[in-house]
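A.B. asks: What follows is a single structure, and I will ask about it in a moment.
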Amino acid sequence: KNNLFSPILLGDMVLANRIIMAPLTRNRAGEGNVPQDMNVEYYRQRAGAGLIISEGSQISASGIGYPGTPGIHSEAQVAGWKRVTDAVHDEGGRIFIQLWHTGRISHSSLQPDHILPVAPSALKAAGQAMTYEGLHDFETPHALTLDELPGIVAEYATAAQNAKAAGFDGVEIHAANGYLLDQFLRDGTNRREDGYGGDIVNRMRLLVEVVGKVIAVWGEGRVGVRVSPENSFNDIKDSQPQQTFNAVAKKLSDYPLAYLHVLEGDMLTGERQVDYAALRNCFAGFYMANNGYDLERGNEAIEQGHADMVAYGKLFIANPDLPERFAKNLPLNAPDQATFYGGDEKGYTDYPKYVGA
Ligand SMILES: C=C(C(=O)O)c1ccccc1
């Protein structure tokens, strides 16, 4: 029987364990949204993960949604990330980058030439955008025209190439948590009447095109996809999450993906109406479970065959040596919510590794 500590063969890559570092926005990139020294240190410290999935990294200047998030579209950003991947590889670790376009979850003040954020439809998100000057109400986004969609797909393909140049072991396509690709997938945000809206076959078209182009760059076993069927973060919902995401999982089974990464339940309300065992059975490849797992539940999920890997977010923020602590059932540092987003080394690289009792 496998458990969290069993190696797993991802394509042609062996992961030493199934304890995955989840993608975590920390808003601590340097000038030019370029990874800086403390980012290198932060990822080096956590190289004991079976796989690190980096924080969301915007695929283009217009894919940005928050201050201080790193990009993967400029030469300087590629060079900055190369220092991160070298550090993780020096420690024997493996790291994917999460390719991110925030769509309407952005603000013109963050955008090149102060253009409007883009989305499948001109529907404004409730709530407020985080900008350099503070919070602003979201704006009604520009509904992408049909002839603008190939450009979006090309941005993912170029970012995938850049990720290779930066030394990553693979990429995760961010199709979760109310960002651009999720805005197309879910019917609360996609009111298009062309081939990219209406039924789920149309609503998943953009994601499927992106998956095809990114796999064309990376090959099999190196591309993951992250979804969040019922997470309401960023003012998003679908009227039939089970049907919608079962269909997505079935379609993605046609592609040689490294894994399907699923944020289970609603991060904000704690709701969990979707049957994730049913969803998991719709996907032919490896299933990575996330959201609220601890050591025991993670081990159970793998031993019982619900998941092949488990991704941990907050626990990896506070415990750089999480796999070590899990293996020896050691006490865990508590994450400090106040220092999750923005700031400096405090609450970032200063969490201690376990020192023997
Ligand atoms: C990239 C994020 C996600 O996927 O939810 C994110 C962004 C900002 C704050 C928290 C999370």
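Identifiers in the structure tokens: chain A, B, ... in order shown; residue index from 1 per chain; ligand index from 1 in order shown.
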Give me, as a compact mmCIF listing (two decimals) with all heavy atoms, in the first residue's frame, the set of residues whose atoms come within 7 Å of any atom of ligand 1, counting only C-alpha atoms and all ligand atoms.

C.D. replies:
# COMPACT_ATOMS: atom_id res chain seq x y z
N LEU A 24 1.45 28.98 -3.79
CA LEU A 24 1.10 29.95 -2.73
C LEU A 24 1.54 31.34 -3.12
O LEU A 24 2.74 31.60 -3.23
CB LEU A 24 1.80 29.56 -1.43
CG LEU A 24 1.35 28.23 -0.80
CD1 LEU A 24 2.46 27.64 0.05
CD2 LEU A 24 0.08 28.45 0.01
N THR A 25 0.58 32.23 -3.33
CA THR A 25 0.91 33.62 -3.60
C THR A 25 1.46 34.26 -2.33
O THR A 25 0.86 34.12 -1.27
CB THR A 25 -0.35 34.37 -4.08
OG1 THR A 25 -0.66 33.92 -5.39
CG2 THR A 25 -0.10 35.87 -4.12
N GLU A 55 4.39 29.53 -6.65
CA GLU A 55 3.29 30.52 -6.60
C GLU A 55 2.86 30.86 -8.03
O GLU A 55 3.64 30.69 -8.99
CB GLU A 55 3.79 31.78 -5.93
CG GLU A 55 4.89 32.49 -6.71
CD GLU A 55 5.82 33.27 -5.84
OE1 GLU A 55 5.47 34.41 -5.47
OE2 GLU A 55 6.89 32.74 -5.51
N GLY A 56 1.65 31.29 -8.18
CA GLY A 56 1.14 31.70 -9.49
C GLY A 56 2.06 32.75 -10.09
O GLY A 56 2.43 33.70 -9.40
N ALA A 176 -8.04 27.38 -11.80
CA ALA A 176 -8.85 27.35 -10.56
C ALA A 176 -9.10 28.75 -10.02
O ALA A 176 -8.66 29.75 -10.62
CB ALA A 176 -8.09 26.52 -9.51
N ASN A 177 -9.82 28.79 -8.93
CA ASN A 177 -9.93 29.94 -8.01
C ASN A 177 -10.36 31.26 -8.63
O ASN A 177 -9.94 32.33 -8.19
CB ASN A 177 -8.60 30.12 -7.28
CG ASN A 177 -8.29 28.92 -6.40
OD1 ASN A 177 -9.20 28.12 -6.12
ND2 ASN A 177 -7.05 28.74 -6.01

A.B. asks: Find the residues near region 326-335 of chain A: any atom within 9 Å, counting only C-alpha atoms, skip ones fewer than 3 places away on the same chain, and give them as a list in words.

C.D. replies: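 Counting only the stated atoms, we get Leu4, Phe5, Leu295, Lys314, Leu315, Phe316, Ile317, Ala318, Asn319, Asp321, Leu322, Pro323, Ala338, Thr339, Phe340, Gly347, Tyr351, Pro352 and Tyr354 of chain A.
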
A.B. asks: Can you write out the residues you just picked, keeping N, CA, C and O atoms, as a compact mmCIF listing (two decimals), in the first residue's frame?

C.D. replies:
# COMPACT_ATOMS: atom_id res chain seq x y z
N LEU A 4 1.93 8.64 1.96
CA LEU A 4 2.55 9.95 1.62
C LEU A 4 4.04 9.82 1.36
O LEU A 4 4.62 10.63 0.64
N PHE A 5 4.66 8.79 1.93
CA PHE A 5 6.13 8.70 1.87
C PHE A 5 6.61 7.79 0.76
O PHE A 5 7.80 7.57 0.58
N LEU A 295 -1.52 15.37 8.15
CA LEU A 295 -0.75 14.14 7.95
C LEU A 295 -1.67 12.92 7.86
O LEU A 295 -1.62 12.15 6.89
N LYS A 314 -0.68 26.02 3.62
CA LYS A 314 -0.32 26.71 4.87
C LYS A 314 0.72 25.94 5.68
O LYS A 314 1.63 26.54 6.27
N LEU A 315 0.63 24.61 5.67
CA LEU A 315 1.62 23.83 6.45
C LEU A 315 3.02 23.99 5.88
O LEU A 315 4.01 23.98 6.62
N PHE A 316 3.13 24.17 4.55
CA PHE A 316 4.47 24.37 3.97
C PHE A 316 4.95 25.81 4.17
O PHE A 316 6.16 26.07 4.19
N ILE A 317 4.02 26.74 4.32
CA ILE A 317 4.45 28.12 4.64
C ILE A 317 5.22 28.09 5.95
O ILE A 317 6.32 28.65 6.07
N ALA A 318 4.66 27.39 6.93
CA ALA A 318 5.20 27.46 8.30
C ALA A 318 6.24 26.38 8.59
O ALA A 318 6.97 26.48 9.59
N ASN A 319 6.32 25.35 7.75
CA ASN A 319 7.23 24.22 8.02
C ASN A 319 8.04 23.90 6.77
O ASN A 319 7.61 23.10 5.94
N ASP A 321 10.48 22.10 6.42
CA ASP A 321 10.85 20.67 6.43
C ASP A 321 9.63 19.80 6.71
O ASP A 321 9.71 18.80 7.42
N LEU A 322 8.50 20.14 6.11
CA LEU A 322 7.24 19.42 6.40
C LEU A 322 7.35 17.91 6.21
O LEU A 322 6.94 17.16 7.10
N PRO A 323 7.94 17.42 5.11
CA PRO A 323 8.01 15.96 4.93
C PRO A 323 8.76 15.27 6.07
O PRO A 323 8.34 14.22 6.57
N ALA A 338 -0.89 36.79 9.32
CA ALA A 338 -0.61 38.23 9.13
C ALA A 338 0.53 38.48 8.16
O ALA A 338 0.65 39.56 7.58
N THR A 339 1.39 37.46 7.97
CA THR A 339 2.55 37.67 7.07
C THR A 339 2.47 36.80 5.82
O THR A 339 3.47 36.54 5.16
N PHE A 340 1.24 36.34 5.47
CA PHE A 340 1.10 35.51 4.26
C PHE A 340 1.43 36.31 3.00
O PHE A 340 2.11 35.84 2.11
N GLY A 347 8.04 35.83 8.46
CA GLY A 347 6.92 34.97 8.05
C GLY A 347 7.11 34.37 6.67
O GLY A 347 6.16 33.89 6.07
N TYR A 351 10.82 30.86 9.19
CA TYR A 351 10.26 29.72 9.95
C TYR A 351 11.38 28.69 10.14
O TYR A 351 12.04 28.31 9.16
N PRO A 352 11.60 28.22 11.36
CA PRO A 352 12.73 27.31 11.60
C PRO A 352 12.44 25.87 11.17
O PRO A 352 11.29 25.43 11.19
N TYR A 354 12.91 21.89 12.09
CA TYR A 354 12.80 21.28 13.43
C TYR A 354 14.18 21.09 14.04
O TYR A 354 15.10 20.62 13.37

A.B. asks: Do you have the CA of Pro23 (chain A)-CA of Ser239 (chain A) distance handy?

C.D. replies: 26.5 Å

A.B. asks: Can you pull out the residues contacting Val201 (chain A)? Cut-off 10 Å, using only C-alpha atoms, and skip same-chain residues under 5 positions away; I want them as JSON, numbers by chain.

C.D. replies: {"A": [185, 195, 196, 206, 208, 244, 247, 248, 251]}

A.B. asks: Output N, CA and C atoms for every residue in the selection just made, as a short mmCIF file (atom, residue, chain, number, x, y, z; two decimals), in the first residue's frame.

C.D. replies:
data_model
loop_
_atom_site.label_atom_id
_atom_site.label_comp_id
_atom_site.auth_asym_id
_atom_site.auth_seq_id
_atom_site.Cartn_x
_atom_site.Cartn_y
_atom_site.Cartn_z
N LEU A 185 -14.50 28.40 -17.63
CA LEU A 185 -15.09 27.09 -17.31
C LEU A 185 -16.46 27.21 -16.64
N GLY A 195 -18.28 29.90 -29.81
CA GLY A 195 -17.81 28.54 -29.55
C GLY A 195 -17.10 28.37 -28.22
N TYR A 196 -16.93 29.44 -27.44
CA TYR A 196 -16.24 29.36 -26.14
C TYR A 196 -17.19 29.57 -24.98
N LEU A 206 -11.15 26.75 -24.30
CA LEU A 206 -9.91 27.52 -24.15
C LEU A 206 -8.90 26.73 -23.32
N VAL A 208 -8.67 23.51 -22.98
CA VAL A 208 -8.19 22.37 -23.77
C VAL A 208 -7.16 22.82 -24.82
N THR A 244 -20.03 19.79 -14.48
CA THR A 244 -19.02 20.57 -15.20
C THR A 244 -17.64 19.98 -15.05
N ALA A 247 -16.94 16.48 -16.45
CA ALA A 247 -16.71 16.57 -17.90
C ALA A 247 -15.28 17.06 -18.19
N VAL A 248 -14.83 18.03 -17.39
CA VAL A 248 -13.44 18.53 -17.57
C VAL A 248 -12.45 17.40 -17.32
N LYS A 251 -12.45 14.90 -20.19
CA LYS A 251 -11.78 15.43 -21.39
C LYS A 251 -10.26 15.47 -21.20
#

A.B. asks: With a cut-off of 6 Å, could you pull out the residues of region 288-347 of chain A touching region 26-50 of chain A and give me the nearest pair of atoms for each, distance in Å to one decimal, using only C-alpha atoms, ordered by chain and ascending number, as CSV?

C.D. replies:
residue,atom,partner,partner_atom,distance
A:Pro320,CA,A:Arg46,CA,4.7
A:Phe340,CA,A:Arg26,CA,5.9
A:Tyr341,CA,A:Arg26,CA,4.6
A:Gly342,CA,A:Asn27,CA,4.6
